[in-house]
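Source file protein.txt; content: compact mmCIF, C-alpha atoms.
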```
# COMPACT_ATOMS: atom_id res chain seq x y z
CA MET V 211 -11.30 -56.45 44.42
CA ASN V 212 -9.21 -59.04 46.13
CA THR V 213 -5.53 -58.50 46.62
CA THR V 214 -3.86 -55.67 48.46
CA LEU V 215 -2.09 -54.63 45.26
CA GLU V 216 -5.43 -54.35 43.44
CA ILE V 217 -6.75 -52.13 46.21
CA LEU V 218 -3.56 -50.03 46.09
CA THR V 219 -3.94 -49.75 42.31
CA LYS V 220 -7.47 -48.44 42.63
CA PHE V 221 -6.38 -46.05 45.37
CA LEU V 222 -3.65 -44.59 43.13
CA TYR V 223 -6.08 -44.31 40.22
CA LYS V 224 -8.67 -42.40 42.24
CA THR V 225 -6.03 -40.12 43.75
CA ALA V 226 -4.54 -39.33 40.33
CA ASP V 227 -7.95 -38.99 38.65
CA ASP V 228 -8.94 -36.27 41.14
CA GLN V 229 -5.78 -34.32 40.22
CA LEU V 230 -6.27 -34.78 36.47
CA ILE V 231 -9.91 -33.67 36.41
CA ILE V 232 -9.46 -30.66 38.74
CA GLY V 233 -6.35 -29.80 36.71
CA HIS V 234 -8.39 -29.76 33.53
CA ARG V 235 -11.10 -27.63 35.15
CA ASN V 236 -8.51 -25.16 36.50
CA SER V 237 -6.97 -24.89 33.04
CA GLU V 238 -10.31 -23.64 31.70
CA TRP V 239 -9.48 -20.32 33.39
CA THR V 240 -6.53 -19.82 31.04
CA GLY V 241 -7.24 -16.69 29.04
CA ILE V 242 -10.43 -15.72 30.88
CA GLY V 243 -9.31 -15.09 34.49
CA PRO V 244 -10.85 -12.00 36.16
CA ILE V 245 -7.38 -10.41 36.39
CA LEU V 246 -4.12 -11.43 34.74
CA GLU V 247 -2.56 -12.70 37.99
CA GLU V 248 -5.52 -15.02 38.58
CA ASP V 249 -5.37 -16.26 35.02
CA ILE V 250 -1.72 -17.16 35.62
CA ALA V 251 -2.41 -18.62 39.08
CA PHE V 252 -5.17 -20.99 37.96
CA SER V 253 -3.13 -21.99 34.91
CA SER V 254 -0.03 -22.70 37.04
CA ILE V 255 -2.05 -24.66 39.57
CA ALA V 256 -3.56 -26.63 36.67
CA GLN V 257 -0.08 -27.46 35.42
CA ASP V 258 0.96 -28.64 38.89
CA LYS V 259 -2.16 -30.81 39.22
CA ILE V 260 -1.70 -32.44 35.84
CA GLY V 261 1.95 -33.05 36.77
CA HIS V 262 0.80 -34.71 40.00
CA ALA V 263 -1.64 -36.90 38.07
CA TYR V 264 1.13 -37.81 35.58
CA SER V 265 3.55 -38.75 38.38
CA ILE V 266 0.98 -40.97 40.12
CA TYR V 267 0.02 -42.62 36.81
CA SER V 268 3.76 -43.21 36.32
CA ILE V 269 3.88 -45.18 39.58
CA LEU V 270 0.94 -47.24 38.29
CA HIS V 271 2.84 -47.88 35.07
CA GLU V 272 6.28 -48.55 36.53
CA GLN V 273 5.31 -50.50 39.65
CA LEU V 274 1.87 -51.94 39.06
CA ASN V 275 1.74 -53.05 35.41
CA GLN V 276 -0.71 -50.43 34.19
CA GLY V 277 -0.45 -48.65 30.81
CA ILE V 278 1.69 -45.58 30.16
CA PRO V 279 0.31 -42.33 31.68
CA ASP V 280 -1.08 -40.95 28.40
CA ILE V 281 -2.97 -44.15 27.75
CA ILE V 282 -4.49 -44.47 31.22
CA GLY V 283 -5.21 -40.75 31.40
CA PHE V 284 -6.78 -40.41 27.96
CA THR V 285 -8.43 -43.66 26.96
CA ARG V 286 -10.98 -44.34 29.69
CA ASN V 287 -14.66 -43.50 29.68
CA GLU V 288 -16.43 -41.77 32.56
CA ASN V 289 -17.49 -45.01 34.28
CA GLU V 290 -13.81 -46.02 34.48
CA PHE V 291 -12.75 -42.78 36.17
CA TRP V 292 -12.70 -43.00 39.97
CA SER V 293 -12.52 -39.25 40.61
CA CYS V 294 -14.89 -37.65 43.13
CA GLN V 295 -17.86 -35.61 41.98
CA LEU V 296 -16.54 -32.32 43.37
CA VAL V 297 -13.79 -32.00 40.76
CA GLU V 298 -15.97 -32.53 37.69
CA HIS V 299 -18.43 -29.66 38.18
CA PRO V 300 -18.00 -26.87 35.59
CA ILE V 301 -15.94 -23.87 36.68
CA GLY V 302 -18.99 -21.60 37.07
CA GLU V 303 -18.11 -18.07 38.08
CA TYR V 304 -14.88 -17.16 39.81
CA ASP V 305 -16.41 -17.43 43.31
CA PHE V 306 -17.41 -21.04 42.62
CA SER V 307 -13.97 -22.01 41.32
CA LEU V 308 -12.18 -20.25 44.18
CA VAL V 309 -14.24 -21.94 46.89
CA ARG V 310 -13.78 -25.36 45.25
CA HIS V 311 -10.04 -24.68 45.04
CA PHE V 312 -10.01 -23.74 48.76
CA LEU V 313 -11.97 -26.84 49.85
CA PHE V 314 -10.05 -29.23 47.58
CA ASP V 315 -6.52 -28.00 48.19
CA ASN V 316 -6.85 -27.83 51.96
CA ALA V 317 -7.94 -31.48 51.76
CA GLU V 318 -5.13 -32.47 49.41
CA PHE V 319 -2.49 -30.74 51.51
CA ILE V 320 -3.50 -32.87 54.49
CA ARG V 321 -3.71 -35.97 52.27
CA PHE V 322 -0.23 -35.70 50.74
CA ASN V 323 1.30 -34.67 54.04
CA GLU V 324 -0.02 -37.95 55.51
CA LEU V 325 0.94 -39.96 52.42
CA SER V 326 4.54 -38.76 52.69
CA ASN V 327 4.69 -40.94 55.84
CA CYS V 328 3.11 -44.06 54.33
CA THR V 329 5.19 -47.20 53.86
CA TYR V 330 4.61 -47.61 50.11
CA GLU V 331 7.90 -46.01 49.17
CA PRO V 332 7.27 -44.71 45.62
CA LEU V 333 4.15 -42.91 46.82
CA ALA V 334 5.75 -41.60 50.02
CA LYS V 335 8.64 -40.04 48.08
CA LEU V 336 6.40 -38.48 45.47
CA SER V 337 4.04 -37.15 48.17
CA ASN V 338 6.94 -35.45 49.88
CA LYS V 339 7.45 -33.49 46.65
CA ILE V 340 3.75 -32.86 46.00
CA LYS V 341 2.99 -31.53 49.49
CA GLY V 342 5.51 -28.69 49.03
CA GLU V 343 3.77 -27.62 45.84
CA ILE V 344 0.23 -27.84 47.24
CA LYS V 345 1.30 -25.55 50.06
CA TYR V 346 1.34 -22.74 47.48
CA HIS V 347 -2.11 -23.73 46.22
CA VAL V 348 -3.37 -23.41 49.80
CA PHE V 349 -1.61 -20.04 50.29
CA HIS V 350 -3.29 -18.81 47.12
CA ALA V 351 -6.80 -20.02 47.97
CA ASP V 352 -6.61 -18.86 51.59
CA SER V 353 -5.38 -15.38 50.73
CA TRP V 354 -8.25 -14.75 48.27
CA MET V 355 -10.87 -16.24 50.60
CA SER V 356 -9.67 -13.89 53.30
CA GLN V 357 -9.43 -10.83 51.02
CA LEU V 358 -12.92 -11.35 49.59
CA ALA V 359 -14.35 -11.67 53.12
CA ASN V 360 -13.04 -8.16 53.74
CA GLY V 361 -13.97 -6.78 50.33
CA THR V 362 -17.50 -5.63 49.64
CA GLU V 363 -20.84 -7.00 50.74
CA GLU V 364 -21.17 -8.53 47.29
CA SER V 365 -17.81 -10.30 47.43
CA LYS V 366 -18.56 -11.76 50.85
CA ASN V 367 -22.08 -12.83 49.86
CA ARG V 368 -20.93 -14.49 46.67
CA ILE V 369 -18.30 -16.51 48.50
CA GLN V 370 -20.82 -17.44 51.20
CA ILE V 371 -23.30 -18.70 48.59
CA ALA V 372 -20.56 -20.73 46.92
CA ILE V 373 -19.60 -22.23 50.31
CA ASN V 374 -23.23 -23.21 50.92
CA THR V 375 -23.41 -24.90 47.52
CA LEU V 376 -20.01 -26.57 47.53
CA LEU V 377 -19.45 -27.78 51.08
CA PRO V 378 -21.88 -30.74 50.78
CA ILE V 379 -20.28 -31.72 47.44
CA ALA V 380 -16.77 -31.42 48.91
CA PHE V 381 -17.40 -34.35 51.23
CA SER V 382 -17.20 -36.50 48.09
CA ILE V 383 -13.41 -36.01 48.26
CA PHE V 384 -13.35 -38.43 51.17
CA GLU V 385 -15.52 -41.16 49.64
CA PRO V 386 -13.43 -44.27 50.38
CA ILE V 387 -12.72 -47.04 47.93
CA GLU V 388 -13.83 -50.53 48.82
CA ASN V 389 -11.62 -52.31 51.39
CA GLU V 390 -9.50 -49.22 52.05
CA SER V 391 -8.69 -50.55 55.55
CA GLU V 392 -6.27 -52.98 53.83
CA LEU V 393 -4.18 -49.95 52.87
CA GLN V 394 -3.98 -48.78 56.46
CA THR V 395 -2.91 -52.25 57.58
CA ASN V 396 -0.33 -52.82 54.85
CA PHE V 397 0.97 -49.36 53.96
CA SER V 398 -0.03 -47.07 56.86
CA ILE V 399 -2.20 -45.03 54.49
CA THR V 400 -4.50 -42.77 56.52
CA SER V 401 -8.23 -43.53 56.22
CA GLU V 402 -10.50 -41.14 54.37
CA LEU V 403 -12.59 -40.66 57.51
CA GLU V 404 -9.55 -39.50 59.47
CA LEU V 405 -8.57 -37.12 56.65
CA GLN V 406 -12.13 -35.78 56.52
CA THR V 407 -12.16 -35.12 60.27
CA LYS V 408 -8.86 -33.22 60.13
CA TRP V 409 -9.97 -31.29 57.04
CA PHE V 410 -13.33 -30.29 58.47
CA ALA V 411 -11.71 -28.96 61.65
CA LEU V 412 -9.18 -27.00 59.59
CA ILE V 413 -11.58 -25.41 57.10
CA SER V 414 -14.16 -24.65 59.81
CA GLU V 415 -11.53 -22.76 61.77
CA LYS V 416 -10.37 -20.82 58.70
CA LEU V 417 -13.86 -19.98 57.43
CA ASN V 418 -15.02 -18.84 60.87
CA SER V 419 -11.93 -16.70 61.36
CA TRP V 420 -12.71 -14.85 58.11
CA GLY V 421 -16.35 -14.33 59.13
CA TYR V 422 -18.02 -16.89 56.85
CA SER V 423 -20.57 -19.34 58.21
CA LEU V 424 -20.85 -23.05 57.53
CA PRO V 425 -24.12 -24.52 56.28
CA ILE V 426 -25.75 -27.01 58.63
CA ASN V 427 -28.01 -30.02 58.13
CA PHE V 428 -26.92 -31.16 54.72
CA ASP V 429 -26.94 -34.62 53.24
CA LEU V 430 -23.40 -35.99 53.05
CA THR V 431 -24.27 -38.92 50.83
CA GLN V 432 -25.99 -37.43 47.79
CA HIS V 433 -22.75 -36.61 45.95
CA LEU V 434 -21.06 -39.96 46.46
CA GLY V 435 -20.50 -42.60 43.78
CA GLY V 436 -17.51 -41.17 41.93
CA ARG V 437 -15.19 -43.82 43.37
CA ASN V 438 -17.38 -46.46 41.68
CA GLY V 439 -17.63 -44.67 38.35
CA LYS V 440 -20.96 -42.96 39.05
CA HIS V 441 -20.64 -39.36 37.91
CA THR V 442 -22.66 -36.23 37.20
CA PRO V 443 -23.54 -35.44 33.57
CA PHE V 444 -20.59 -32.99 33.60
CA LEU V 445 -17.75 -35.54 33.44
CA GLN V 446 -18.20 -37.22 30.05
CA PRO V 447 -18.20 -33.93 28.04
CA LEU V 448 -15.03 -32.92 29.94
CA ILE V 449 -13.36 -36.22 28.98
CA VAL V 450 -14.38 -35.77 25.33
CA GLU V 451 -12.82 -32.31 25.29
CA MET V 452 -9.71 -33.31 27.26
CA THR V 453 -8.91 -36.22 24.94
CA GLU V 454 -9.74 -34.50 21.64
CA VAL V 455 -6.15 -33.85 20.54
CA PHE V 456 -4.96 -37.25 21.77
CA ARG V 457 -7.67 -39.01 19.77
CA LEU V 458 -6.74 -37.09 16.61
CA ASP V 459 -3.22 -38.50 16.74
CA PRO V 460 -2.34 -40.83 19.62
CA GLU V 461 1.23 -41.19 18.32
CA ALA V 462 1.93 -37.44 18.18
CA LYS V 463 5.27 -36.31 19.63
CA TRP V 464 5.52 -32.99 21.46
CA MET X 149 40.55 -42.22 31.76
CA SER X 150 37.78 -39.93 32.86
CA THR X 151 36.64 -39.70 36.47
CA ILE X 152 33.41 -38.88 38.25
CA ASP X 153 34.78 -35.36 38.81
CA ASP X 154 35.11 -34.94 35.03
CA VAL X 155 31.44 -35.86 34.65
CA TRP X 156 30.43 -33.30 37.30
CA LYS X 157 32.51 -30.65 35.48
CA ALA X 158 30.82 -31.56 32.20
CA LEU X 159 27.39 -31.31 33.84
CA GLU X 160 28.21 -27.71 34.77
CA GLN X 161 27.88 -26.98 31.04
CA VAL X 162 24.29 -28.23 30.88
CA MET X 163 22.00 -25.27 31.43
CA ASP X 164 18.43 -25.14 32.70
CA PRO X 165 16.30 -24.33 29.63
CA GLU X 166 14.11 -21.85 31.54
CA ILE X 167 17.03 -20.10 33.31
CA PRO X 168 19.83 -20.42 30.76
CA VAL X 169 22.52 -18.93 33.06
CA LEU X 170 22.09 -21.66 35.65
CA SER X 171 23.61 -25.13 35.23
CA VAL X 172 21.81 -28.25 36.39
CA VAL X 173 24.58 -28.62 39.01
CA ASP X 174 24.06 -25.13 40.47
CA LEU X 175 20.31 -25.68 40.40
CA GLY X 176 20.93 -28.72 42.63
CA ILE X 177 18.87 -31.20 40.62
CA ILE X 178 21.70 -33.69 40.03
CA THR X 179 21.49 -36.10 42.95
CA GLY X 180 23.94 -38.75 41.86
CA VAL X 181 26.67 -39.61 39.36
CA GLU X 182 27.90 -43.18 39.12
CA MET X 183 30.49 -44.73 36.85
CA GLU X 184 30.82 -48.45 36.41
CA ASN X 185 32.34 -50.43 33.53
CA GLU X 186 32.23 -47.47 31.13
CA GLN X 187 28.60 -46.83 32.05
CA ILE X 188 27.69 -43.40 33.39
CA ARG X 189 24.48 -43.20 35.36
CA ILE X 190 23.11 -39.83 36.38
CA SER X 191 20.20 -39.28 38.78
CA LEU X 192 18.03 -36.23 38.47
CA THR X 193 15.31 -34.93 40.80
CA PRO X 194 12.66 -32.58 39.37
CA THR X 195 12.19 -29.09 40.78
CA PHE X 196 8.44 -29.51 40.29
CA ALA X 197 6.57 -32.78 39.69
CA GLY X 198 4.90 -31.22 36.65
CA CYS X 199 7.98 -29.47 35.28
CA PRO X 200 7.61 -29.69 31.49
CA ALA X 201 11.38 -29.31 31.00
CA ILE X 202 12.38 -32.64 32.56
CA ARG X 203 12.52 -34.72 29.34
CA TYR X 204 14.32 -31.82 27.66
CA ILE X 205 16.92 -31.65 30.47
CA GLU X 206 17.45 -35.43 30.38
CA ASN X 207 18.15 -35.20 26.64
CA SER X 208 20.44 -32.19 26.93
CA ILE X 209 22.53 -33.99 29.56
CA VAL X 210 23.03 -36.98 27.27
CA GLU X 211 23.76 -34.75 24.26
CA LYS X 212 26.24 -32.52 26.07
CA LEU X 213 28.08 -35.43 27.66
CA ASN X 214 28.29 -37.25 24.30
CA GLU X 215 29.59 -34.07 22.70
CA LEU X 216 32.33 -33.90 25.38
CA GLY X 217 33.33 -37.48 24.67
CA PHE X 218 31.44 -39.40 27.35
CA GLN X 219 29.63 -42.46 26.01
CA ASN X 220 26.98 -44.76 27.48
CA VAL X 221 25.24 -42.08 29.50
CA THR X 222 21.86 -42.77 31.06
CA VAL X 223 19.79 -40.29 33.05
CA LYS X 224 17.13 -41.38 35.51
CA THR X 225 14.59 -38.98 36.99
CA THR X 226 13.55 -40.07 40.48
CA PHE X 227 11.96 -38.62 43.59
CA ASP X 228 14.45 -40.49 45.83
CA VAL X 229 15.81 -37.13 46.93
CA THR X 230 13.19 -34.39 47.22
CA TRP X 231 14.46 -31.21 45.59
CA THR X 232 14.15 -28.02 47.63
CA SER X 233 15.26 -24.52 46.66
CA ASP X 234 17.82 -24.73 49.51
CA MET X 235 19.76 -27.03 47.14
CA ILE X 236 20.58 -24.14 44.77
CA SER X 237 24.30 -23.40 45.21
CA ASP X 238 25.64 -20.05 46.44
CA LYS X 239 27.09 -19.50 42.99
CA GLY X 240 23.67 -20.32 41.55
CA ARG X 241 22.02 -17.72 43.81
CA GLU X 242 24.44 -15.05 42.57
CA LEU X 243 23.77 -16.04 38.94
CA LEU X 244 20.01 -15.86 39.50
CA LYS X 245 20.32 -12.37 40.96
CA ASN X 246 22.41 -11.16 38.01
CA PHE X 247 19.82 -12.70 35.68
CA GLY X 248 17.16 -10.47 37.34
CA LEU X 249 15.47 -13.31 39.17
CA ALA X 250 15.41 -12.90 42.96
CA PRO X 251 17.00 -15.97 44.57
CA PRO X 252 14.81 -17.89 47.06
CA LYS X 253 15.43 -17.37 50.77
CA LYS X 254 16.97 -20.35 52.56
CA HIS X 255 14.11 -21.81 54.56
CA CYS X 256 15.30 -25.17 56.00
CA GLY X 257 11.86 -26.65 55.31
CA ASN X 258 9.93 -23.92 57.08
CA ILE X 259 7.93 -22.06 54.41
CA SER X 260 5.20 -19.51 55.06
CA MET X 261 3.63 -16.80 52.90
CA LYS X 262 6.28 -14.45 54.32
CA THR X 263 9.10 -16.62 52.94
CA ALA X 264 7.75 -16.01 49.44
CA GLU X 265 6.79 -12.37 50.05
CA GLN X 266 9.95 -10.97 51.63
CA VAL X 267 12.22 -10.75 48.64
CA THR X 268 15.16 -8.46 47.91
CA CYS X 269 15.03 -6.56 44.61
CA PRO X 270 17.66 -8.11 42.30
CA TYR X 271 18.08 -4.75 40.52
CA CYS X 272 18.65 -2.22 43.33
CA GLY X 273 19.02 -4.43 46.41
CA SER X 274 16.12 -2.82 48.28
CA GLN X 275 14.09 -4.97 50.67
CA ASN X 276 11.11 -2.66 50.21
CA THR X 277 9.30 -4.90 47.72
CA ASP X 278 5.74 -6.00 47.18
CA MET X 279 4.59 -9.44 46.03
CA LYS X 280 2.11 -9.24 43.15
CA SER X 281 1.43 -12.93 42.63
CA LEU X 282 2.45 -16.32 44.00
CA PHE X 283 2.49 -17.63 40.43
CA GLY X 284 4.53 -16.38 37.49
CA SER X 285 5.61 -17.20 33.96
CA THR X 286 6.88 -20.66 34.94
CA LEU X 287 5.96 -23.00 37.82
CA CYS X 288 9.00 -21.97 39.85
CA ARG X 289 8.49 -18.17 39.75
CA THR X 290 6.63 -15.52 41.74
CA LEU X 291 5.88 -11.90 40.64
CA HIS X 292 7.09 -8.84 42.57
CA GLU X 293 7.48 -5.09 42.31
CA CYS X 294 10.20 -2.97 43.92
CA ARG X 295 8.84 0.08 45.78
CA ALA X 296 12.28 1.71 45.72
CA CYS X 297 13.29 1.48 42.04
CA LEU X 298 9.78 0.67 40.72
CA GLN X 299 11.13 -2.25 38.71
CA ALA X 300 8.84 -5.28 38.25
CA PHE X 301 10.72 -8.54 38.69
CA GLU X 302 10.33 -12.25 39.21
CA GLY X 303 11.44 -14.33 42.18
CA PHE X 304 12.45 -17.98 42.34
CA LYS X 305 9.83 -19.69 44.50
CA PRO X 306 11.11 -21.00 47.86
CA ILE X 307 10.04 -24.64 47.86
```
Show me, as structure tokens, the structure contained in the file I just sent.
Amino acid sequence: MNTTLEILTKFLYKTADDQLIIGHRNSEWTGIGPILEEDIAFSSIAQDKIGHAYSIYSILHEQLNQGIPDIIGFTRNENEFWSCQLVEHPIGEYDFSLVRHFLFDNAEFIRFNELSNCTYEPLAKLSNKIKGEIKYHVFHADSWMSQLANGTEESKNRIQIAINTLLPIAFSIFEPIENESELQTNFSITSELELQTKWFALISEKLNSWGYSLPINFDLTQHLGGRNGKHTPFLQPLIVEMTEVFRLDPEAKW
Amino acid sequence: MSTIDDVWKALEQVMDPEIPVLSVVDLGIITGVEMENEQIRISLTPTFAGCPAIRYIENSIVEKLNELGFQNVTVKTTFDVTWTSDMISDKGRELLKNFGLAPPKKHCGNISMKTAEQVTCPYCGSQNTDMKSLFGSTLCRTLHECRACLQAFEGFKPI
């Protein structure tokens, strides 16, 4: 990668790819949520996320000479997706999906809040919109995390186990792209390390206040690689499923 | 010779497809109308980035304006102005209430869980209501129940 615009392009791709893949995973709860309200919540959040991905891909198309959103969303293979590894893991049981949703959306709220102050105008304006929507994703995740801490021993234990499993993977959200410092210099885009520091302080405070504990001594590097196209075996089957209808008829009108 | 005011009046006849009593003007999503050399340019800001109705609304604006005799209409969706639920007009709030959808509280940018939770029942006017879910049948709705009249209802999400 050489020019600032190439680095910005990759940054927008990885940001949008995270939203698209988590959006697809969230949508897998449609029809099978543990209660109707949760079915609707995960489906609505999925719709928001896919909308966020679409809007960021639209910036890539309109400002940075990339293909139309459907093409760039649906015609790449796993090694061309720059999403982090956290978002591609299967939905598991509800506790797993809820804790991922909590860890991811608290991070993304901070991210889009910061991006709304960056100097790349199309992204700043869009982020101002997106941050208002993610606020509701955070309200949703936080209220269930807190309720399940005060539920039964089983509910609290299940969430704790999911936290222990997912926290190390969640650091993959902040895996930087190469030469990201160029983005700070040219567009005042906050570094991943700064986001990670703010996020970790925020989630630690919330988790402790609900009576959960944070795992210690884990390896922060073993889930990295997504930003360079290195993924778990879970991503390619997701892409195959996500693009199935598109591949049947790429010209279809809806 | 038609004027910009005529275009605004015509836009009041274009309804939101998900809330058919509310025009795009009362919803507050029209952020600009320009007329220049017979060209009419309308700017639209989405209520939600992922709102599936945007293309539909763009088309209905062009269709309705053509039907009313305005030619050369283009609609551009942009995030130049960020839509908030505070942009719904007072008339729009009244229409929402009569439609059975609780209007969003004015929040001036300060939104907490309470802003979404504390909703007045659009059926009986009681403030003794309970929020059932932050998410409803469309992206912009929440689910509630009135403890006074026992009616289940939806609210328009403060955003």
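All chain X residues having an atom within 6 Å of chain V, based on all atoms listed in the file, amount to Ala197, Gly198, Phe227, Thr230 and Phe283 of chain X.
Counting from atom CA of V:Asn374, the distance to atom CA of V:Leu424 is 7.0 Å.
Atom CA of X:Met235 sits 23.3 Å away from atom CA of X:Met279.
When the distance limit is 8 Å and only C-alpha atoms are what count, the residues near V:Glu385, minus those fewer than 4 positions from it on the same chain, are Cys294, Phe381, Glu402, Leu434, Gly435, Gly436 and Arg437 of chain V.
Atom to atom, atom CA of X:Ser150 and atom CA of X:Phe218 stand 8.4 Å apart.
If you measure from each of X:Trp156, X:Tyr204, X:Tyr271, X:Phe196 to X:Thr286 using only C-alpha atoms, the closest one turns out to be X:Phe196.
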Item to check | Selection near X:Ile177, 6 Å with all atoms listed in the file, sequence-local residues under 4 positions removed, as a ChimeraX atom specification | outcome: /X:172,192-193
Checklist entry - Could you pull the residues within 12 Å of V:Ser401, counting all atoms listed in the file, minus those fewer than 2 positions along the same chain, as JSON, numbers by chain? => result {"V": [221, 320, 321, 324, 325, 328, 384, 385, 386, 387, 388, 389, 390, 391, 392, 393, 394, 395, 397, 398, 399, 403, 404, 405, 406, 407, 408]}
Find the smallest box with edges along x, y and z containing every listed atom of stretch 228-245 of chain X, then add 8 Å on each side and report centre and edge lengths in Å to one decimal, as AutoDock Vina command-line options.
```
--center_x 20.1 --center_y -26.4 --center_z 44.2 --size_x 29.9 --size_y 44.1 --size_z 26.6
```
Checklist outcome for this item: Closest of V:Ile242, V:Ile426, V:Ala226, V:Leu296 to V:Ser268, counting only C-alpha atoms, is V:Ala226
Item to check | Best match for closeness to X:Met149 among X:Ile205, X:Leu249, X:Met183, X:Ile259, counting only C-alpha atoms | outcome: X:Met183
Checklist entry - Mind listing as an MDAnalysis selection string all residues within 8 Å of (-6.9, -40.0, 39.5), counting all atoms listed in the file? => result chainID V and resid 222:231 263 266:267 291:293
Writing out the chosen residues with C-alpha atoms as a PDB file, keeping the file's coordinate frame:
```pdb
ATOM      1  CA  LEU V 222      -3.650 -44.590  43.130  1.00  0.00           C
ATOM      2  CA  TYR V 223      -6.080 -44.310  40.220  1.00  0.00           C
ATOM      3  CA  LYS V 224      -8.670 -42.400  42.240  1.00  0.00           C
ATOM      4  CA  THR V 225      -6.030 -40.120  43.750  1.00  0.00           C
ATOM      5  CA  ALA V 226      -4.540 -39.330  40.330  1.00  0.00           C
ATOM      6  CA  ASP V 227      -7.950 -38.990  38.650  1.00  0.00           C
ATOM      7  CA  ASP V 228      -8.940 -36.270  41.140  1.00  0.00           C
ATOM      8  CA  GLN V 229      -5.780 -34.320  40.220  1.00  0.00           C
ATOM      9  CA  LEU V 230      -6.270 -34.780  36.470  1.00  0.00           C
ATOM     10  CA  ILE V 231      -9.910 -33.670  36.410  1.00  0.00           C
ATOM     11  CA  ALA V 263      -1.640 -36.900  38.070  1.00  0.00           C
ATOM     12  CA  ILE V 266       0.980 -40.970  40.120  1.00  0.00           C
ATOM     13  CA  TYR V 267       0.020 -42.620  36.810  1.00  0.00           C
ATOM     14  CA  PHE V 291     -12.750 -42.780  36.170  1.00  0.00           C
ATOM     15  CA  TRP V 292     -12.700 -43.000  39.970  1.00  0.00           C
ATOM     16  CA  SER V 293     -12.520 -39.250  40.610  1.00  0.00           C
TER      17      SER V 293
END
```
Next on the checklist: Which residues are near stretch 297-306 of chain V? Cut-off 7 Å, all atoms listed in the file, ignore same chain within fewer than 4 positions. Put them as a VMD selection string.
Outcome noted: chain V and resid 228 231 to 232 235 310 368 to 369 372 444 to 445
Could those residues be written to a file, using C-alpha atoms, as an mmCIF file, in the frame of the given file?
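New file out.cif:
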```cif
data_model
loop_
_atom_site.group_PDB
_atom_site.id
_atom_site.type_symbol
_atom_site.label_atom_id
_atom_site.label_comp_id
_atom_site.auth_asym_id
_atom_site.auth_seq_id
_atom_site.Cartn_x
_atom_site.Cartn_y
_atom_site.Cartn_z
ATOM 1 C CA ASP V 228 -8.940 -36.270 41.140
ATOM 2 C CA ILE V 231 -9.910 -33.670 36.410
ATOM 3 C CA ILE V 232 -9.460 -30.660 38.740
ATOM 4 C CA ARG V 235 -11.100 -27.630 35.150
ATOM 5 C CA ARG V 310 -13.780 -25.360 45.250
ATOM 6 C CA ARG V 368 -20.930 -14.490 46.670
ATOM 7 C CA ILE V 369 -18.300 -16.510 48.500
ATOM 8 C CA ALA V 372 -20.560 -20.730 46.920
ATOM 9 C CA PHE V 444 -20.590 -32.990 33.600
ATOM 10 C CA LEU V 445 -17.750 -35.540 33.440
#
```
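Around V:Ala359, within 7 Å and counting all atoms listed in the file, the residues found are Met355, Ser356, Ser365, Lys366, Trp420 and Gly421 of chain V, once anything fewer than 3 positions away on its own chain is removed.
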